[in-house]
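> The structure's right below; bear with me while I get my questions together.
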Amino acid sequence: MTNTNIPTSPDVSPRPIKGSGLSQERMQSRAALRRALVGGKSYIHTNFEATATQPESEDEPNKDWKVTDAPPSTFKEGLYTLNVGDEHIGHEKERRRIEEARRFVHEVVLVGNDPEEQAPGVLGQGLELFKHLFPDPNEREPNALVRERLGDQAQRRGPKGCFDVIYGLEKDRNVVGIHHFSTIPLKGSDKAITYLQYTGSADDKFMQDNYGKAFGYRGHGIMTLLYAAMAKQAEENAKNTLDRPGGHAGTILESEFIGQASDEDAIRYTKERLVTHGRTGAKTIMLRMKDGKLISPHLQPALSSDAKAIKLLLSYRPAKYDAGKLDQVEQMDFDEGKRVVNAFIDNFDTEGFNKDEVEKARQQVAEWFANTASVELWPPAQLPTVVELAKQDPFLMSQCEDDFGDMDAHAALVSEAFGQKTDAAASVLGS
């Protein structure tokens with residue numbers, strides 16, 4: 001999955017999570033969630049190695065790269081070039097990655113409501129890359145629904161949220177990178193946040209199979225460039241559609257806990273995904289309770305009367321971050337943390353899901369915050385495993401028992417997946 005943004009990390013993008021260990025009911029709930037304006041895990045296609053072959057590049061960064069103002073708040077068709085400036089990057093070191101990306105990406109475009117007339121085939125290419133990056137239908141929003149959302153002006157540009165898709169195009173105008181995201185307002189703030197849902201870049205196989213070119217585009221800064229382009233569009237959305245003159249505050253991403261899966265390969269991948277999130281500048285929001293316990297404030301409301309609420313991790317990448325502190329646990333402003341978490345939950349109400357279930361989730365999160373001493377931002381990969389955190393969080397423990405059954409057995413599986421001896425792990429876990 002590819003949430004890459006900082007210069008020290010290659011562009012890496014999401015593979016499907018095999019054997020996630022979640023019930024079919026919960027997987028269906030997540031699929032439904034991703035039909036919301038803002039929904040679903042942040043699917044970042046992860047592949048930590050740059051492609052072996054090199055794509056064609058310009059001798060110098062593209063001098064003719066189109067410079068076009070952000071489109072108006074309402075637009076109907078075509079593609080709109082997004083020009084990225086220094087104000088849109090998360091950290092100054094990203095500038096080098098963006099300059100590298102501009103050798104390979106001719107332009108970054110925002111997809112309009114109906115791009116086919118002015119740019120035939122581009123949306124189709126983008127959706128094919130989307131399907132290639134996320135072959136598991138449980139992780140991927142259906143292509144037909146993406147088209148529907150792009151064509152629905154009420155969803156694209158409403159006072160409670162905006163949905164956008166941006167593509168990176170190489171010099172032959174083939175799509176080589178994708179970014180699907182939403183922009184939502186923060187209550188009690190003059191800013192908005194983005195919810196990054198899917199992102200990734202083309203590998204060797206996709207380029208060969210679809211464009212007849214024997215090179216891929218991973219490891220060349222494309223995701224860093226698309227992240228900056230997202231920030232550019234989020235500023236436009238915040239100020240001109242959502243009435244948030246303060247602009248773009250940052251980005252939220254969802255993911256499983258470390259070890260929240262049912263086989264060793266998938267368990268290891270839960271950590272790989274978090275490593276990738278961390279490299280983008282994101283940190284996971286955690287609550288330090290008054291009794292010293294550590295819990296995640298994330299809660300997806302039950303999407304129907306016969307479904308259950310789901311707890312995952314919620315990470316936050318501020319619009320500007322300190323690259324020198326990516327490996328440090330930091331304090332987050334209490335009110336800001338509460339606003340960010342509540343923005344995630346409020347969206348379900350906005351999108352018309354069961355109001356009673358949304359209110360239950362809102363009340364549960366309010367109860368957690370009422371018993372919170374501080375809000376902490378954790379480097380994602382440094383978090384304890386789901387087994388350790390479940391021992392501190394009754395809600396999470398109940399969810400894990402539903403998903404995995406015997407928690408002692410699951411603790412052993414997690415230990416084996418990370419190459420730890422079961423007995424040593426049991427000692428650490430207090431069993």
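Just so we're on the same page: first chain in the structure tokens is A, next is B, and so on; residues restart at 1 for each chain, and ligands are numbered from 1 in the order they show up.
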Quick one: residues within 9 Å of Arg95 in chain A, only C-alpha atoms counted, chain neighbours fewer than 3 positions away excluded, as JSON, numbers by chain?
{"A": [7, 86, 89, 91, 92, 98, 99, 100, 224, 225]}
> Please extract the residues of range 72-112 of chain A with a backbone DSSP assignment of strand (DSSP E or B) and present them as a ChimeraX atom specification.
/A:77,79-81,107-111
> At most 9 Å is the cut-off: for each residue in range 83-164 of chain A with any atom that close to an atom of range 185-201 of chain A, write down the nearest atom pair and the distance in Å rounded to one decimal, counting only C-alpha atoms, chain first then increasing number, as JSON lines.

```
{"residue": "A:Leu129", "atom": "CA", "partner": "A:Ser201", "partner_atom": "CA", "distance": 7.9}
{"residue": "A:Phe130", "atom": "CA", "partner": "A:Gly200", "partner_atom": "CA", "distance": 7.8}
{"residue": "A:Leu133", "atom": "CA", "partner": "A:Gly200", "partner_atom": "CA", "distance": 6.7}
{"residue": "A:Phe134", "atom": "CA", "partner": "A:Tyr198", "partner_atom": "CA", "distance": 8.9}
{"residue": "A:Arg140", "atom": "CA", "partner": "A:Tyr198", "partner_atom": "CA", "distance": 8.5}
{"residue": "A:Pro159", "atom": "CA", "partner": "A:Pro185", "partner_atom": "CA", "distance": 8.5}
{"residue": "A:Lys160", "atom": "CA", "partner": "A:Pro185", "partner_atom": "CA", "distance": 6.6}
{"residue": "A:Gly161", "atom": "CA", "partner": "A:Pro185", "partner_atom": "CA", "distance": 6.8}
```
> Quick check, in Å to one decimal: how far apart do CA of Tyr80 in chain A and CA of Val111 in chain A lie?
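According to the coordinates, CA of Tyr80 in chain A and CA of Val111 in chain A are separated by 6.7 Å.
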> Skip range 286-294 of chain A itself and residues of its chain fewer than 4 positions away, then list as an MDAnalysis selection string all residues within 10 Å of it, counting only C-alpha atoms.
chainID A and resid 298 313:315 331:332 334 337 368:378 383:384 388:393
> From the set A:Val109, A:Ile258, A:Ala307, A:Val386, which residue has the shortest atom-to-atom contact distance to Ile295 in chain A, counting only C-alpha atoms?
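Checking each candidate against Ile295 in chain A, we get A:Val386 as the closest.
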> Taking into account only C-alpha atoms, which residue in the set A:Pro318, A:Leu242, A:Glu235, A:Val365 is nearest to Pro297 in chain A?
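Smallest separation from Pro297 in chain A among the options: A:Val365.
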> Compile the contact shell of Phe418 in chain A as an mmCIF file with N, CA and C atoms, in the first residue's frame: residues with an atom at most 9 Å away, counting only C-alpha atoms, same-chain residues fewer than 3 positions apart removed.

```cif
data_model
loop_
_atom_site.group_PDB
_atom_site.id
_atom_site.type_symbol
_atom_site.label_atom_id
_atom_site.label_comp_id
_atom_site.auth_asym_id
_atom_site.auth_seq_id
_atom_site.Cartn_x
_atom_site.Cartn_y
_atom_site.Cartn_z
ATOM 1 N N GLU A 264 -0.188 -16.018 10.026
ATOM 2 C CA GLU A 264 1.084 -15.352 10.316
ATOM 3 C C GLU A 264 1.448 -14.302 9.279
ATOM 4 N N ILE A 267 -0.696 -11.316 9.859
ATOM 5 C CA ILE A 267 -0.294 -10.675 11.113
ATOM 6 C C ILE A 267 0.936 -9.804 10.892
ATOM 7 N N ARG A 268 1.911 -10.333 10.185
ATOM 8 C CA ARG A 268 3.111 -9.530 9.908
ATOM 9 C C ARG A 268 2.759 -8.299 9.078
ATOM 10 N N LEU A 413 0.033 -17.245 18.372
ATOM 11 C CA LEU A 413 0.143 -17.066 16.926
ATOM 12 C C LEU A 413 0.844 -15.750 16.590
ATOM 13 N N VAL A 414 0.503 -14.696 17.313
ATOM 14 C CA VAL A 414 1.143 -13.401 17.088
ATOM 15 C C VAL A 414 2.627 -13.483 17.413
ATOM 16 N N SER A 415 2.952 -14.169 18.503
ATOM 17 C CA SER A 415 4.352 -14.333 18.888
ATOM 18 C C SER A 415 5.126 -15.089 17.822
ATOM 19 N N LYS A 421 9.609 -16.303 20.873
ATOM 20 C CA LYS A 421 9.283 -17.546 21.533
ATOM 21 C C LYS A 421 7.998 -17.373 22.337
#
```
> Suppose you want the space between CA of Leu226 in chain A and CA of Ala282 in chain A; what is it in Å?
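Computing it gives 15.6 Å between the two atoms.
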> Can you work out the spacing between CA of His179 in chain A and CA of Gly112 in chain A in Å, to one decimal?
13.9 Å
> Using only C-alpha atoms for the distances, tell me which of A:Ala238, A:Ala229, A:Val176, A:Val165 is nearest to Asp203 in chain A.
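Nearest to Asp203 in chain A: A:Val176.
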> Run DSSP on the backbone and grab whatever in range 121-205 of chain A lands in helix (DSSP H, G or I); send it over as a list in words.
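Selecting the helix (DSSP H, G or I) positions of range 121-205 of chain A gives Val122, Leu123, Gly124, Gln125, Gly126, Leu127, Glu128, Leu129, Phe130, Lys131, His132, Leu133, Asn143, Ala144, Leu145, Val146, Arg147, Glu148, Arg149, Leu150, Gly151, Gln153, Ala154, Gln155, Arg156, Asp204 and Lys205 of chain A.
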> Residues at most 10 Å from Ala309 in chain A, counting only C-alpha atoms, excluding those fewer than 4 positions away in the same chain, as a ChimeraX atom specification?
/A:26,29,299-304,357-358,360-361,395,399
> Limited to C-alpha atoms, could you put the picked residues into a file as a PDB file, in the first residue's frame?

```
ATOM      1  CA  ARG A  26     -17.663  -7.161   9.817  1.00  0.00           C
ATOM      2  CA  SER A  29     -19.847  -3.676   7.305  1.00  0.00           C
ATOM      3  CA  LEU A 299     -14.899   3.359  16.845  1.00  0.00           C
ATOM      4  CA  GLN A 300     -16.829   2.651  13.675  1.00  0.00           C
ATOM      5  CA  PRO A 301     -20.541   2.714  14.547  1.00  0.00           C
ATOM      6  CA  ALA A 302     -22.599  -0.370  13.805  1.00  0.00           C
ATOM      7  CA  LEU A 303     -23.873   0.185  10.292  1.00  0.00           C
ATOM      8  CA  SER A 304     -27.135  -1.668  10.849  1.00  0.00           C
ATOM      9  CA  GLU A 357     -26.005   3.463  16.338  1.00  0.00           C
ATOM     10  CA  VAL A 358     -24.033   6.604  15.525  1.00  0.00           C
ATOM     11  CA  LYS A 360     -24.150   5.042  20.716  1.00  0.00           C
ATOM     12  CA  ALA A 361     -20.666   5.305  19.204  1.00  0.00           C
ATOM     13  CA  PHE A 395     -14.243  -3.239  24.360  1.00  0.00           C
ATOM     14  CA  GLN A 399     -14.124  -7.764  19.851  1.00  0.00           C
TER      15      GLN A 399
END
```
> Can you pull out every residue within 6 Å of Gly221 in chain A, counting only C-alpha atoms, but drop anything in the same chain fewer than 2 positions away, and send it as a list in words?
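Listing them by chain and then by number gives Asp11, Arg97, Ile98, Ala101, Gly219, Met223 and Thr224 of chain A.
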